[in-house]
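Trainee: This is the structure I have questions about; it appears just below.
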Amino acid sequence: MRVVALAGGVGGAKMVYGLAKCLPAEDLQVIVNTGDDFTHFGLKICPDLDTVCYTLAGMSNSETGWGRSGEHWNVMETLRKLGAPTWFRLGDLDLATHLERTRRLRNGQLLSQITADFCQSWGISIAVIPMSDDPVATRIELKDGGVLDFQEYFVRHRCEPVLRAIHFEGAKAAEPAPGVLEAIRRADVAIICPSNPWVSINPILAIGGIRDTLAAKKVLAVSPIIAGRAIKGPAAKMYREMGIAPSASAVAHTYLGLLNGFVLDTADHGEVNDIARWGIIPFATNILMVDSNDRKRLAQEILEYCARL
Ligand code: FO1
C-alpha cells in the first residue's frame with residue numbers, strides 16, 4: 001500500500017516513524033509543515049522538518065521531542081553571557097543543520113532539495129518533502145489585537161496569549177514543493193498524522209492544489225486529542241479559543257469534506273456515532289504513542305484499517 005503522510009510537530013514525527021517501520025521506503029512519502037519556519041540569528045530554522053527527520057534518523061531528543069539527542073548547549077550558554085536572546089534554544093549539534101541549510105539556501109538551492117540531501121546524509125530512505133519551497137509564515141492574531149509570529153507565540157509566550165485567528169501568510173501565492181502533488185496522486189491512502197490541526201496541518205492544506213488533490217483520494221486522520229485534552233501542545237486550548245469544545249470529533253469536523261476515515265482513542269469511543277453520521281468510518285484504538293513499540297503497533301493497526309476502508 002502506498003501512503004502519503006501529512007505531518008508537523010512531535011505527534012506527526014512519531015506517527016511517521018511508526019509508518020516507516022511498517023512500510024517499504026518507496027511506499028511512504030511525507031509532506032511536512034513549514035509554516036513554523038522562521039529566521040533566528042540570521043539562520044533559517046525549520047522545526048517541523050527537523051523534528052520529522054531527527055525522529056526518523058533516531059537522533060531526536062526523547063525528552064523534548066524536538067532537537068537532537070546527546071545535545072550540548074555551549075553556543076547558547078555563550079550567547080546568554082553576551083546578552084543575546086536565548087528564548088529559542090538551539091543546541092550545538094542542531095545548529096550545524098541550520099548553518100548548512102542557510103548556507104545552501106543563500107547559494108540558491110531549494111529547501112526541498114536541501115531536505116532530500118540531508119535525509120541522505122542521515123540515512124533516511126523515505127521521501128521527506130517540505131509542503132512548499134516558498135515562504136509561508138503562520139501568524140497568530142491575538143484576542144487583544146496583537147499579532148505574533150508563530151515561534152514567538154509558541155515558545156517565547158508558551159502559547160499563553162488568547163488567540164482570535166490564525167493566518168498563513170504567503171500560502172495563497174506558495175506553490176507545493178516538487179513532488180508534493182505527485183506523492184498525493186500516487187498514494188493509495190493519505191494519512192493526516194496526529195498533529196495540531198490548526199498550526200501543523202491547516203498550513204499544508206492552505207497551499208494551492210494540495211486540498212483539491214487530496215479530495216480525490218482516500219484520506220484518514222488520526223486524532224491528536226484524547227478525552228478533550230491534547231496529547232501534546234496547545235491544540236485543545238486553540239479549539240477552546242476558537243469557540244469549539246476540544247474533542248476527537250471536533251478534530252474530525254475540522255477536516256470535514258476530506259475524510260473517509262478517522263482514528264480516535266478508545267477513551268473517545270462514545271463519539272464514533274457522531275463521526276459515522278458525517279459519512280466517516282471511525283476506528284477506535286489506543287492512539288497514545290509512549291514508546292517506539294506503540295508507534296509501530298499503531299501504524300500497523302492503521303494500515304490494516306486503511307486496507308479495510
Ligand atoms: N520548542 C520549545 O518549546 N522551546 C525551544 O526552545 C525550542 C527550540 C527549538 C529548536 C529547534 C527546533 O527544531 C525546534 C525547537 N522547538 C522548541 C520546538 C518547536 O518550537 C516546535 O516543535 C514547533 O514549531 C511546533 O510544532
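Each chain in the C-alpha cells gets a letter, A, B, ..., in the order shown, and its residues are numbered from 1; ligands are numbered from 1 in order too.
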Would you kindly return, as a list in words, each protein, DNA or RNA residue with an atom no farther than 10 Å from any atom of stretch 265-268 of chain A, considering only C-alpha atoms and excluding same-chain residues fewer than 2 positions away?
Mentor: Val222, Ser223, Pro224, Ile225, Ile226, Ala227, Gly228, Ser247, Ala248, Ser249, Val263, Gly270, Glu271, Val272, Phe283, Ala284, Thr285, Asn286, Ile287 and Leu288 of chain A
Trainee: Deliver the residues from the most recent selection as a file, using all heavy atoms, as a CSV table (one decimal), in the first residue's frame.
Mentor:
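Result saved to part_26.csv:
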```csv
chain,number,residue,atom,x,y,z
A,222,VAL,N,-5.7,11.0,12.1
A,222,VAL,CA,-5.6,10.4,13.5
A,222,VAL,C,-5.7,11.5,14.5
A,222,VAL,O,-5.1,12.6,14.3
A,222,VAL,CB,-4.2,9.7,13.6
A,222,VAL,CG1,-4.1,9.0,15.0
A,222,VAL,CG2,-3.9,8.7,12.5
A,223,SER,N,-6.5,11.3,15.5
A,223,SER,CA,-6.8,12.4,16.4
A,223,SER,C,-5.6,12.8,17.3
A,223,SER,O,-4.9,11.9,17.8
A,223,SER,CB,-7.9,12.0,17.4
A,223,SER,OG,-8.2,13.1,18.3
A,224,PRO,N,-5.3,14.1,17.4
A,224,PRO,CA,-4.2,14.5,18.4
A,224,PRO,C,-4.8,14.8,19.8
A,224,PRO,O,-4.1,15.3,20.7
A,224,PRO,CB,-3.7,15.8,17.8
A,224,PRO,CG,-4.9,16.3,17.1
A,224,PRO,CD,-5.8,15.2,16.7
A,225,ILE,N,-6.1,14.5,19.9
A,225,ILE,CA,-6.8,14.8,21.2
A,225,ILE,C,-7.4,13.5,21.7
A,225,ILE,O,-8.0,12.8,21.0
A,225,ILE,CB,-7.9,15.9,20.9
A,225,ILE,CG1,-7.3,17.2,20.6
A,225,ILE,CG2,-8.9,16.0,22.1
A,225,ILE,CD1,-8.1,18.4,20.6
A,226,ILE,N,-7.2,13.3,23.0
A,226,ILE,CA,-7.8,12.2,23.7
A,226,ILE,C,-8.6,12.8,24.9
A,226,ILE,O,-8.0,13.5,25.7
A,226,ILE,CB,-6.7,11.2,24.2
A,226,ILE,CG1,-5.9,10.6,23.1
A,226,ILE,CG2,-7.4,10.0,25.0
A,226,ILE,CD1,-4.8,9.7,23.5
A,227,ALA,N,-9.8,12.4,25.0
A,227,ALA,CA,-10.7,12.8,26.2
A,227,ALA,C,-10.6,14.3,26.4
A,227,ALA,O,-10.5,14.8,27.5
A,227,ALA,CB,-10.2,12.0,27.4
A,228,GLY,N,-10.7,15.1,25.3
A,228,GLY,CA,-10.8,16.5,25.4
A,228,GLY,C,-9.4,17.2,25.7
A,228,GLY,O,-9.4,18.4,25.7
A,247,SER,N,-12.3,18.0,21.2
A,247,SER,CA,-12.7,16.6,21.3
A,247,SER,C,-12.2,15.9,20.0
A,247,SER,O,-11.8,16.6,19.1
A,247,SER,CB,-14.2,16.4,21.4
A,247,SER,OG,-14.8,16.8,20.2
A,248,ALA,N,-12.2,14.6,20.0
A,248,ALA,CA,-11.8,13.8,18.8
A,248,ALA,C,-12.7,14.2,17.7
A,248,ALA,O,-12.3,14.5,16.6
A,248,ALA,CB,-11.8,12.3,19.1
A,249,SER,N,-14.0,14.2,18.0
A,249,SER,CA,-15.0,14.5,16.9
A,249,SER,C,-14.8,16.0,16.4
A,249,SER,O,-15.0,16.2,15.2
A,249,SER,CB,-16.4,14.2,17.3
A,249,SER,OG,-16.7,14.8,18.5
A,263,VAL,N,-9.3,8.0,13.0
A,263,VAL,CA,-8.8,7.1,14.1
A,263,VAL,C,-8.8,7.9,15.4
A,263,VAL,O,-8.2,9.0,15.5
A,263,VAL,CB,-7.3,6.6,13.8
A,263,VAL,CG1,-6.8,5.7,14.8
A,263,VAL,CG2,-7.3,6.0,12.4
A,270,GLY,N,-17.3,6.9,22.7
A,270,GLY,CA,-18.7,7.4,22.7
A,270,GLY,C,-18.9,8.4,21.5
A,270,GLY,O,-20.1,8.8,21.3
A,271,GLU,N,-17.9,8.8,20.8
A,271,GLU,CA,-18.0,9.8,19.8
A,271,GLU,C,-18.1,9.2,18.4
A,271,GLU,O,-18.3,9.9,17.4
A,271,GLU,CB,-16.9,10.8,19.8
A,271,GLU,CG,-16.8,11.6,21.1
A,271,GLU,CD,-15.6,12.5,21.1
A,271,GLU,OE1,-15.2,13.1,20.1
A,271,GLU,OE2,-15.0,12.6,22.2
A,272,VAL,N,-18.0,7.8,18.3
A,272,VAL,CA,-18.0,7.2,17.0
A,272,VAL,C,-19.3,7.4,16.2
A,272,VAL,O,-19.2,7.5,15.0
A,272,VAL,CB,-17.5,5.7,17.0
A,272,VAL,CG1,-16.2,5.5,17.6
A,272,VAL,CG2,-18.6,4.9,17.8
A,283,PHE,N,-12.4,4.5,13.6
A,283,PHE,CA,-11.7,3.3,14.2
A,283,PHE,C,-11.1,3.7,15.5
A,283,PHE,O,-10.3,4.7,15.6
A,283,PHE,CB,-10.6,2.9,13.2
A,283,PHE,CG,-9.7,1.9,13.7
A,283,PHE,CD1,-10.1,0.7,14.3
A,283,PHE,CD2,-8.3,2.1,13.7
A,283,PHE,CE1,-9.3,-0.3,14.8
A,283,PHE,CE2,-7.4,1.1,14.2
A,283,PHE,CZ,-7.9,0.0,14.7
A,284,ALA,N,-11.6,3.1,16.6
A,284,ALA,CA,-11.1,3.4,17.9
A,284,ALA,C,-10.1,2.4,18.4
A,284,ALA,O,-10.3,1.2,18.3
A,284,ALA,CB,-12.3,3.5,18.9
A,285,THR,N,-9.0,2.9,18.8
A,285,THR,CA,-7.9,2.1,19.4
A,285,THR,C,-7.1,2.9,20.3
A,285,THR,O,-7.4,4.1,20.6
A,285,THR,CB,-7.0,1.5,18.2
A,285,THR,OG1,-6.1,0.6,18.8
A,285,THR,CG2,-6.3,2.6,17.5
A,286,ASN,N,-6.0,2.3,20.9
A,286,ASN,CA,-5.2,3.1,21.8
A,286,ASN,C,-4.2,3.9,20.9
A,286,ASN,O,-3.3,3.3,20.3
A,286,ASN,CB,-4.4,2.1,22.7
A,286,ASN,CG,-3.3,2.8,23.5
A,286,ASN,OD1,-3.3,4.0,23.6
A,286,ASN,ND2,-2.4,2.0,24.1
A,287,ILE,N,-4.4,5.2,20.9
A,287,ILE,CA,-3.6,6.0,20.0
A,287,ILE,C,-2.4,6.7,20.6
A,287,ILE,O,-1.7,7.5,20.0
A,287,ILE,CB,-4.5,7.1,19.2
A,287,ILE,CG1,-5.1,8.1,20.2
A,287,ILE,CG2,-5.5,6.4,18.3
A,287,ILE,CD1,-5.7,9.3,19.5
A,288,LEU,N,-2.3,6.5,21.9
A,288,LEU,CA,-1.1,7.2,22.7
A,288,LEU,C,0.2,6.5,22.3
A,288,LEU,O,0.3,5.3,22.5
A,288,LEU,CB,-1.4,7.1,24.2
A,288,LEU,CG,-0.6,8.0,25.1
A,288,LEU,CD1,-0.9,9.5,24.7
A,288,LEU,CD2,-0.9,7.8,26.5
```
Trainee: Could you list, as a PyMOL selection string, all protein and nucleic acid residues with an atom at most 9 Å from ligand 1, counting only C-alpha atoms and all ligand atoms?
Mentor: chain A and resi 8-12+33-37+45-51+64-68+86-91+94-95+98+150-152+154-156+158+195-196+199-200+233
Trainee: Using C-alpha atoms, can you export the residues from the last selection as an mmCIF file, in the first residue's frame?
Mentor:
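This went into part24.cif:
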```
data_model
loop_
_atom_site.group_PDB
_atom_site.id
_atom_site.type_symbol
_atom_site.label_atom_id
_atom_site.label_comp_id
_atom_site.auth_asym_id
_atom_site.auth_seq_id
_atom_site.Cartn_x
_atom_site.Cartn_y
_atom_site.Cartn_z
ATOM 1 C CA GLY A 8 4.049 18.544 11.631
ATOM 2 C CA GLY A 9 5.367 18.612 15.167
ATOM 3 C CA VAL A 10 6.163 15.823 17.595
ATOM 4 C CA GLY A 11 2.924 13.783 17.166
ATOM 5 C CA GLY A 12 3.384 13.786 13.414
ATOM 6 C CA ASN A 33 4.513 21.717 7.510
ATOM 7 C CA THR A 34 6.873 24.662 7.055
ATOM 8 C CA GLY A 35 4.554 27.343 8.457
ATOM 9 C CA ASP A 36 6.549 27.216 11.727
ATOM 10 C CA ASP A 37 9.774 28.136 9.931
ATOM 11 C CA ILE A 45 15.071 27.241 11.225
ATOM 12 C CA CYS A 46 12.592 24.576 10.020
ATOM 13 C CA PRO A 47 11.380 22.967 13.276
ATOM 14 C CA ASP A 48 8.848 20.514 11.848
ATOM 15 C CA LEU A 49 11.126 19.288 9.061
ATOM 16 C CA ASP A 50 13.922 18.782 11.563
ATOM 17 C CA THR A 51 11.669 17.071 14.115
ATOM 18 C CA THR A 64 11.556 17.298 24.385
ATOM 19 C CA GLY A 65 10.519 15.553 21.143
ATOM 20 C CA TRP A 66 12.323 18.326 19.211
ATOM 21 C CA GLY A 67 16.035 18.913 18.761
ATOM 22 C CA ARG A 68 18.799 16.314 18.889
ATOM 23 C CA THR A 86 18.008 32.728 24.366
ATOM 24 C CA TRP A 87 14.247 32.101 24.498
ATOM 25 C CA PHE A 88 14.553 29.787 21.464
ATOM 26 C CA ARG A 89 17.111 27.153 22.353
ATOM 27 C CA LEU A 90 19.419 25.995 19.585
ATOM 28 C CA GLY A 91 21.750 23.165 20.555
ATOM 29 C CA ASP A 94 21.220 21.242 15.863
ATOM 30 C CA LEU A 95 22.965 24.497 14.898
ATOM 31 C CA HIS A 98 20.614 25.442 10.463
ATOM 32 C CA PHE A 150 4.380 31.503 15.413
ATOM 33 C CA GLN A 151 7.555 30.748 17.367
ATOM 34 C CA GLU A 152 7.138 33.953 19.420
ATOM 35 C CA PHE A 154 4.598 29.077 20.796
ATOM 36 C CA VAL A 155 7.956 29.227 22.561
ATOM 37 C CA ARG A 156 8.539 32.759 23.848
ATOM 38 C CA ARG A 158 4.405 29.489 25.827
ATOM 39 C CA SER A 195 -0.516 16.776 14.563
ATOM 40 C CA ASN A 196 -2.124 20.046 15.626
ATOM 41 C CA VAL A 199 -0.998 25.098 13.076
ATOM 42 C CA SER A 200 0.543 21.901 11.669
ATOM 43 C CA GLY A 233 0.898 21.098 22.840
#
```
Trainee: Just the residues within 8 Å of A:Leu181, please, counting only C-alpha atoms, with nothing from its chain fewer than 2 positions along; format it as a list in words.
Mentor: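 The residues that qualify are Pro176, Pro178, Gly179, Ala183, Ile184, Arg185, Gly209, Ile210 and Thr213 of chain A.
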Trainee: Could you jot down the atom CA of A:Tyr255 to atom CA of A:Asp144 separation for me, Å, one decimal place?
Mentor: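 Atom CA of A:Asp144 lies 28.1 Å from atom CA of A:Tyr255.
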Trainee: Using DSSP secondary structure from the backbone, list all helix (DSSP H, G or I) positions within stretch 95-238 of chain A, as number ranges by chain.
Mentor: A: 95-106, 111-121, 150-156, 180-186, 197-205, 210-215, 235-238
Trainee: Run DSSP on the backbone of this structure and report the residues of stretch 148-236 of chain A it assigns to strand (DSSP E or B), as a list of chain:residue names.
Mentor: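 Here is the list: A:Leu148, A:Asp149, A:Leu163, A:Arg164, A:Ala165, A:Ile166, A:His167, A:Phe168, A:Glu169, A:Pro176, A:Val189, A:Ala190, A:Ile191, A:Ile192, A:Val219, A:Leu220, A:Ala221, A:Val222, A:Ile225, A:Ile226, A:Arg229, A:Ala230.
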Trainee: Hey, can you check how far atom CA of A:Asn273 sits from atom CA of A:Val3?
Mentor: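 Atom CA of A:Asn273 sits 26.9 Å away from atom CA of A:Val3.
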Trainee: Which is closest to A:Met1 among A:Arg240, A:Arg308, A:Arg297, A:His40, if we use only C-alpha atoms?
Mentor: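 Looking at the shortest contact to A:Met1, the residue is A:Arg308.
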Trainee: Which residues come within 9 Å of A:Asn260, counting only C-alpha atoms, excluding same-chain residues fewer than 6 positions away, as a PyMOL selection string?
Mentor: chain A and resi 217-221+279-282+309
Trainee: In Å to one decimal, how far is atom CA of A:Tyr17 from atom CA of A:Tyr54?
Mentor: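 Taking atom CA of A:Tyr54 and atom CA of A:Tyr17, their separation equals 10.1 Å.
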Trainee: Return the single residue from A:Ala127, A:Leu258, A:Ala25, A:Cys193 that is closest to A:Ala299, with distances computed using only C-alpha atoms.
Mentor: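 Closest to A:Ala299, using only C-alpha atoms: A:Cys193.
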Trainee: Using only C-alpha atoms, determine which residues lie at most 10 Å from A:Gly146, disregarding the query and same-chain residues fewer than 3 positions distant; provide the list as a PyMOL selection string.
Mentor: chain A and resi 140-143+161+163-164
Trainee: Now that the selection is made, can you save its residues with N, CA and C atoms as a short mmCIF file (atom, residue, chain, number, x, y, z; two decimals), in the first residue's frame?
Mentor:
```
data_model
loop_
_atom_site.label_atom_id
_atom_site.label_comp_id
_atom_site.auth_asym_id
_atom_site.auth_seq_id
_atom_site.Cartn_x
_atom_site.Cartn_y
_atom_site.Cartn_z
N ILE A 140 -0.14 34.42 14.45
CA ILE A 140 -1.20 34.26 15.44
C ILE A 140 -1.78 35.63 15.78
N GLU A 141 -3.06 35.78 15.42
CA GLU A 141 -3.77 37.03 15.77
C GLU A 141 -4.38 36.85 17.16
N LEU A 142 -4.04 37.76 18.05
CA LEU A 142 -4.46 37.62 19.45
C LEU A 142 -5.77 38.34 19.72
N LYS A 143 -6.43 37.90 20.78
CA LYS A 143 -7.71 38.50 21.16
C LYS A 143 -7.55 39.99 21.47
N PRO A 161 -0.97 33.64 25.40
CA PRO A 161 -1.95 34.65 24.95
C PRO A 161 -3.18 34.00 24.30
N LEU A 163 -5.86 33.49 21.58
CA LEU A 163 -5.84 33.82 20.15
C LEU A 163 -7.24 34.04 19.60
N ARG A 164 -7.27 34.77 18.48
CA ARG A 164 -8.56 35.05 17.82
C ARG A 164 -8.61 34.39 16.44
#
```
